[in-house]
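Below is one structure, written out as structure tokens; comments come after it.
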Amino acid sequence: MYSLNQVNKLVSCGRDPARSLPFWRGFLLIPLILVCFAVAPQTRAVVPAPDGGYPGFNTAEGQQALQFLTTGVGNTGLGWRSLFSGNTANFNTGAGVGTLVLNAGDSNTAVGAAALILNVFGGRNTACGAGAMVNNEGDADGNGSFNSAVGAFALNANETGFGNNAVGDSALFRNINGASNTAVGDEALEDSDSNGAGKANFNCAFGAQALQSNLNGDSNNAVGASALQANLTGLFNQAVGAFALSFNDDGASNVAIGDTALGDNVHGSFNTVIGDLAGAGVEGSENIYIGAGAGTAAAGGPAGGSEDGTIRIGDPGFINACFIQGISGVGVSGDAVVVDGNGQLGTAAADSPLSLKEVVKERQVVQQLKATTEKQAARIALQENQIQTLTAALKQQAEQIQKVSAQLEMIRPTPRVVENR
């Protein structure tokens with residue numbers, strides 16, 4: 001039998017010496033292993049087999065391994081009291097001290113001291129690591145099944161949660177009833193569903209301490225070390241990048257992509273932030289920040305980093321030019337848009353020559369001038385017609401006068417010569 005020091009050494013082996021195992025966890029396996037001693041030690045195996053071979057394709061090596069197996073087939077128990085109460089269970093593999101001691105489920109795999117030690121009804125679980133899925137029990141309805149835990153103390157407190165995947169030391173450590181969660185990384189989703197409410201479901205955490213403090217948060221995705229680390233009840237958040245949304249508490253439906261993106265937001269919701277340090281130092285909702293450092297103006301603004309319903313593109317300290325295609329040369333109706341010295345877009349002030357009121361006045365003046373010009377053009381056209389008509393009449397009269405003059409010349413009498421004597 002192991003001494004206390006030997007057990008403590010067993011459960012802490014392989015852990016980074018720079019971050020020692022908490023002392024209380026060293027005792028975590030002790031009461032669980034002592035449970036095994038409550039079973040009468042004098043019970044004999046159904047078919048003693050020193051070489052480990054049993055009927056029904058069963059294999060047992062270790063003190064009282066597969067002790068109560070009856071009709072179960074395809075089981076392998078390696079280690080002290082591994083699969084101790086197997087009975088009719090099938091296709092289970094237990095390798096390590098106290099693995100699957102109380103198991104009655106099928107197709108479970110437990111590798112590591114006390115892995116799945118208390119499992120009764122859960123089936124198709126895989127636990128690899130000292131203390132992995134220690135408290136998983138399951139029920140007759142299939143809860144506590146289809147879980148995978150790889151790492152010391154991964155899914156340690158799970159009882160009826162199903163469809164969970166935990167890879168990493170203490171990943172999903174305190175999950176009790178939460179389902180369909182995926183945690184990959186040291187202490188990822190460590191505190192999720194620690195109250196057993198069963199509300200923390202469909203979360204994905206990839207990275208050390210990602211979604212570490214999650215309590216009732218649902219449908220969150222965190223990719224990166226400490227991404228969404230402080231999230232408690234926030235829902236539908238997407239964080240990609242180290243420390244992205246790391247202080248979010250109950251904010252919902254946020255999208256943060258980039259190292260420390262929206263890293264200081266606590267309660268804000270419906271934000272979309274893309275870029276390294278974008279939105280850092282800002283608390284608010286309905287904001288859109290795009291570009292590395294976008295939103296830094298708000299972080300240092302008069303509101304003390306609080307802002308709502310604002311779109312910011314680019315870091316004002318580094319972006320000096322803006323090109324947006326599809327605007328120039330495209331005619332649209334609407335208000336004139338201006339830009340102030342801080343880069344903010346908006347309509348012109350009421351007293352500005354470009355304001356809507358002034359533009360309307362200018363339009364009215366132009367319309368009046370156009371109407372006046374059209375009237376004057378009509379008058380000129382009428383006068384030109386009158387002049388053309390008068391000119392034609394005068395021309396006709398001149399022609400008639402010429403004809404009369406020619407006739408008069410023809411009938412004029414011949415002049416006579418008078419002689420003076």
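In the structure tokens, chains take the letters A, B, ... in the order shown, each chain's residues start at 1, and ligands count up from 1 in the order shown.
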Handout entry: Selection near Leu189 (chain A), 7 Å with only C-alpha atoms, sequence-local residues under 4 positions removed, as a list in words
Key = Ala171, Leu172, Ala183, Ala205, Gln209, Ala210, Leu211, Gln212, Ser213 and Asn214 of chain A
Written file, previous selection with N, CA and C atoms, as an mmCIF file, in the first residue's frame:
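Printed below is out-v7.cif as written:
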```cif
data_model
loop_
_atom_site.group_PDB
_atom_site.id
_atom_site.type_symbol
_atom_site.label_atom_id
_atom_site.label_comp_id
_atom_site.auth_asym_id
_atom_site.auth_seq_id
_atom_site.Cartn_x
_atom_site.Cartn_y
_atom_site.Cartn_z
ATOM 1 N N ALA A 171 -8.362 20.815 -16.831
ATOM 2 C CA ALA A 171 -9.339 21.329 -17.792
ATOM 3 C C ALA A 171 -10.733 20.867 -17.383
ATOM 4 N N LEU A 172 -11.699 21.788 -17.394
ATOM 5 C CA LEU A 172 -13.074 21.489 -16.963
ATOM 6 C C LEU A 172 -13.080 20.826 -15.584
ATOM 7 N N ALA A 183 -12.642 21.806 -23.849
ATOM 8 C CA ALA A 183 -11.577 22.579 -23.204
ATOM 9 C C ALA A 183 -10.233 21.965 -23.540
ATOM 10 N N ALA A 205 -13.059 26.201 -25.409
ATOM 11 C CA ALA A 205 -11.916 26.958 -24.900
ATOM 12 C C ALA A 205 -10.628 26.284 -25.345
ATOM 13 N N GLN A 209 -5.916 28.520 -19.486
ATOM 14 C CA GLN A 209 -6.808 29.377 -18.715
ATOM 15 C C GLN A 209 -7.870 30.069 -19.568
ATOM 16 N N ALA A 210 -8.102 29.593 -20.758
ATOM 17 C CA ALA A 210 -9.194 30.146 -21.564
ATOM 18 C C ALA A 210 -10.522 29.807 -20.904
ATOM 19 N N LEU A 211 -11.413 30.811 -20.768
ATOM 20 C CA LEU A 211 -12.718 30.628 -20.118
ATOM 21 C C LEU A 211 -12.570 29.971 -18.744
ATOM 22 N N GLN A 212 -11.510 30.289 -18.055
ATOM 23 C CA GLN A 212 -11.189 29.611 -16.797
ATOM 24 C C GLN A 212 -12.280 29.798 -15.741
ATOM 25 N N SER A 213 -12.825 31.012 -15.610
ATOM 26 C CA SER A 213 -13.766 31.303 -14.527
ATOM 27 C C SER A 213 -15.226 31.109 -14.915
ATOM 28 N N ASN A 214 -15.456 30.641 -16.110
ATOM 29 C CA ASN A 214 -16.837 30.518 -16.587
ATOM 30 C C ASN A 214 -17.706 29.752 -15.596
#
```
Handout entry: Neighbour list for region 274-277 of chain A as a ChimeraX atom specification, cut-off 7 Å, only C-alpha atoms, skip fewer than 6 positions in-chain
Key = /A:256-261,289-293
Exercise for the section: List every residue of region 174-410 of chain A that DSSP, applied to the backbone of this structure, places in strand (DSSP E), and write the result as a ChimeraX atom specification. Expected result: /A:182-184,204-206,221-223,238-240,255-257,272-274,288-290,311-313,337-339,345-347
What's around Phe247 (chain A) at 9 Å? Count only C-alpha atoms, leave out sequence neighbours fewer than 6 positions away in its own chain, and write the answer as a compact mmCIF listing (two decimals) with C-alpha atoms, in the first residue's frame.
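Contents of around06.txt, freshly written:
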```txt
# COMPACT_ATOMS: atom_id res chain seq x y z
CA ALA A 227 -9.13 34.48 -23.64
CA LEU A 228 -12.46 35.16 -21.88
CA GLN A 229 -10.67 34.15 -18.68
CA ALA A 230 -12.95 36.07 -16.27
CA ASN A 231 -16.23 35.31 -18.03
CA LEU A 262 -11.51 44.34 -26.09
CA GLY A 263 -9.44 43.08 -23.19
CA ASP A 264 -10.91 45.48 -20.59
CA ASN A 265 -14.59 45.11 -21.41
CA VAL A 266 -16.61 43.82 -18.44
```
Handout entry: Separation of CA of Phe202 (chain A) from CA of Met133 (chain A) in Å
Key = 18.8 Å
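Using only C-alpha atoms, the smallest distance between any of A:Ala321, A:Ala179, A:Val240, A:Leu69 and Gly217 (chain A) comes from A:Ala179.
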Exercise for the section: Could you tell me how far CA of Leu345 (chain A) lies from CA of Arg312 (chain A), in Å and to one decimal? Expected result: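 A separation of 10.4 Å between them.
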Handout entry: Atom-to-atom span, CA of Gly53 (chain A) and CA of Asn90 (chain A), Å
Key =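 Between these atoms lies a distance of 15.5 Å.
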Exercise for the section: Tell me which protein, DNA and RNA residues are within 10 Å of Lys199 (chain A), counting only C-alpha atoms, leaving out same-chain ones fewer than 5 positions away, and put them as a list of chain:residue names. Expected result: A:Asn177, A:Gly178, A:Ala179, A:Ser192, A:Asp193, A:Leu215, A:Asn216, A:Gly217, A:Asp218, A:Ser219, A:Thr233
Preceding selection exported with N, CA and C atoms as a PDB file, in the first residue's frame:
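Done, and the output landed in out19.pdb:
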```
ATOM      1  N   ASN A 177     -22.454  19.231 -14.196  1.00  0.00           N
ATOM      2  CA  ASN A 177     -23.534  18.786 -15.082  1.00  0.00           C
ATOM      3  C   ASN A 177     -23.482  19.421 -16.469  1.00  0.00           C
ATOM      4  N   GLY A 178     -22.543  20.330 -16.702  1.00  0.00           N
ATOM      5  CA  GLY A 178     -22.437  20.970 -18.006  1.00  0.00           C
ATOM      6  C   GLY A 178     -22.184  19.964 -19.114  1.00  0.00           C
ATOM      7  N   ALA A 179     -22.713  20.257 -20.303  1.00  0.00           N
ATOM      8  CA  ALA A 179     -22.625  19.302 -21.408  1.00  0.00           C
ATOM      9  C   ALA A 179     -22.076  19.946 -22.667  1.00  0.00           C
ATOM     10  N   SER A 192     -15.940  26.035 -14.836  1.00  0.00           N
ATOM     11  CA  SER A 192     -17.228  26.002 -15.525  1.00  0.00           C
ATOM     12  C   SER A 192     -18.210  25.070 -14.820  1.00  0.00           C
ATOM     13  N   ASP A 193     -19.452  25.558 -14.635  1.00  0.00           N
ATOM     14  CA  ASP A 193     -20.530  24.777 -14.017  1.00  0.00           C
ATOM     15  C   ASP A 193     -20.159  24.276 -12.629  1.00  0.00           C
ATOM     16  N   LEU A 215     -18.872  30.335 -15.258  1.00  0.00           N
ATOM     17  CA  LEU A 215     -19.784  29.698 -14.322  1.00  0.00           C
ATOM     18  C   LEU A 215     -21.027  29.181 -15.040  1.00  0.00           C
ATOM     19  N   ASN A 216     -21.802  30.115 -15.599  1.00  0.00           N
ATOM     20  CA  ASN A 216     -23.028  29.748 -16.314  1.00  0.00           C
ATOM     21  C   ASN A 216     -23.007  30.179 -17.773  1.00  0.00           C
ATOM     22  N   GLY A 217     -21.868  30.677 -18.230  1.00  0.00           N
ATOM     23  CA  GLY A 217     -21.779  31.124 -19.617  1.00  0.00           C
ATOM     24  C   GLY A 217     -22.067  30.002 -20.589  1.00  0.00           C
ATOM     25  N   ASP A 218     -22.758  30.348 -21.679  1.00  0.00           N
ATOM     26  CA  ASP A 218     -23.197  29.337 -22.647  1.00  0.00           C
ATOM     27  C   ASP A 218     -22.780  29.757 -24.052  1.00  0.00           C
ATOM     28  N   SER A 219     -22.357  28.778 -24.847  1.00  0.00           N
ATOM     29  CA  SER A 219     -22.083  29.002 -26.279  1.00  0.00           C
ATOM     30  C   SER A 219     -21.002  30.053 -26.511  1.00  0.00           C
ATOM     31  N   THR A 233     -20.993  34.743 -16.684  1.00  0.00           N
ATOM     32  CA  THR A 233     -22.323  34.416 -17.211  1.00  0.00           C
ATOM     33  C   THR A 233     -22.521  34.900 -18.642  1.00  0.00           C
TER      34      THR A 233
END
```
Practice task
Please identify all polymer residues within 6 Å of region 112-128 of chain A, counting only C-alpha atoms, omitting same-chain residues fewer than 4 positions from it, and present them as a list in words.
Solution key: Gly96, Val97, Gly98, Thr99, Leu100, Val101, Leu102, Asn103, Ala104, Gly105, Asp106, Ser107, Asn108, Ala132, Met133, Val134, Asn135, Asn136, Glu137, Gly138, Asp139, Gly144, Ser145, Phe146, Asn147, Ser148, Ala149 and Val150 of chain A
With N, CA and C atoms retained, write the just-selected residues as a compact mmCIF listing (two decimals), in the first residue's frame.
```txt
# COMPACT_ATOMS: atom_id res chain seq x y z
N GLY A 96 -4.36 1.48 -13.97
CA GLY A 96 -3.91 2.36 -12.91
C GLY A 96 -4.59 2.01 -11.61
N VAL A 97 -4.02 2.49 -10.52
CA VAL A 97 -4.55 2.20 -9.19
C VAL A 97 -5.97 2.75 -9.08
N GLY A 98 -6.91 1.87 -8.75
CA GLY A 98 -8.28 2.30 -8.48
C GLY A 98 -9.05 2.83 -9.67
N THR A 99 -8.74 2.41 -10.86
CA THR A 99 -9.50 2.88 -12.02
C THR A 99 -10.79 2.10 -12.18
N LEU A 100 -11.88 2.83 -12.43
CA LEU A 100 -13.19 2.21 -12.70
C LEU A 100 -13.58 1.21 -11.63
N VAL A 101 -13.34 1.55 -10.37
CA VAL A 101 -13.58 0.62 -9.26
C VAL A 101 -15.05 0.22 -9.16
N LEU A 102 -15.98 1.18 -9.31
CA LEU A 102 -17.40 0.90 -9.13
C LEU A 102 -18.15 0.78 -10.45
N ASN A 103 -17.43 0.67 -11.52
CA ASN A 103 -18.04 0.76 -12.86
C ASN A 103 -19.06 -0.34 -13.14
N ALA A 104 -20.18 0.10 -13.77
CA ALA A 104 -21.17 -0.84 -14.31
C ALA A 104 -21.51 -0.49 -15.75
N GLY A 105 -20.84 0.57 -16.28
CA GLY A 105 -21.10 0.99 -17.64
C GLY A 105 -20.22 0.26 -18.64
N ASP A 106 -20.46 0.52 -19.91
CA ASP A 106 -19.73 -0.15 -20.99
C ASP A 106 -18.81 0.82 -21.73
N SER A 107 -17.78 0.26 -22.32
CA SER A 107 -16.90 0.96 -23.27
C SER A 107 -16.22 2.17 -22.66
N ASN A 108 -15.82 2.09 -21.42
CA ASN A 108 -15.05 3.15 -20.77
C ASN A 108 -13.56 2.82 -20.80
N ALA A 132 -8.43 11.95 -13.27
CA ALA A 132 -9.31 12.39 -14.35
C ALA A 132 -10.69 11.78 -14.18
N MET A 133 -11.72 12.62 -14.25
CA MET A 133 -13.12 12.19 -14.14
C MET A 133 -13.35 11.33 -12.90
N VAL A 134 -12.76 11.74 -11.80
CA VAL A 134 -12.87 10.98 -10.54
C VAL A 134 -14.32 10.81 -10.10
N ASN A 135 -15.12 11.88 -10.19
CA ASN A 135 -16.46 11.86 -9.61
C ASN A 135 -17.56 11.51 -10.61
N ASN A 136 -17.17 11.21 -11.83
CA ASN A 136 -18.20 10.88 -12.82
C ASN A 136 -18.98 9.64 -12.37
N GLU A 137 -20.30 9.78 -12.32
CA GLU A 137 -21.15 8.67 -11.89
C GLU A 137 -22.11 8.26 -13.00
N GLY A 138 -22.77 9.26 -13.63
CA GLY A 138 -23.73 8.94 -14.66
C GLY A 138 -25.06 8.48 -14.08
N ASP A 139 -26.04 8.25 -14.96
CA ASP A 139 -27.33 7.73 -14.52
C ASP A 139 -27.91 6.84 -15.60
N GLY A 144 -23.67 11.54 -18.06
CA GLY A 144 -22.37 11.11 -17.58
C GLY A 144 -21.64 10.21 -18.56
N SER A 145 -22.02 10.30 -19.84
CA SER A 145 -21.41 9.46 -20.87
C SER A 145 -20.81 10.32 -21.98
N PHE A 146 -20.04 9.67 -22.83
CA PHE A 146 -19.47 10.29 -24.03
C PHE A 146 -18.49 11.42 -23.71
N ASN A 147 -17.85 11.36 -22.55
CA ASN A 147 -16.86 12.37 -22.18
C ASN A 147 -15.45 11.88 -22.47
N SER A 148 -14.56 12.84 -22.73
CA SER A 148 -13.14 12.55 -22.91
C SER A 148 -12.34 13.50 -22.05
N ALA A 149 -11.49 12.96 -21.20
CA ALA A 149 -10.65 13.78 -20.33
C ALA A 149 -9.21 13.29 -20.41
N VAL A 150 -8.33 14.18 -20.83
CA VAL A 150 -6.92 13.84 -20.96
C VAL A 150 -6.11 14.87 -20.18
```
Practice task
Check the DSSP output for the backbone and give back, as a PyMOL selection string, the residues of region 295-407 of chain A in helix (DSSP H, G or I).
Solution key: chain A and resi 296-299+356-407
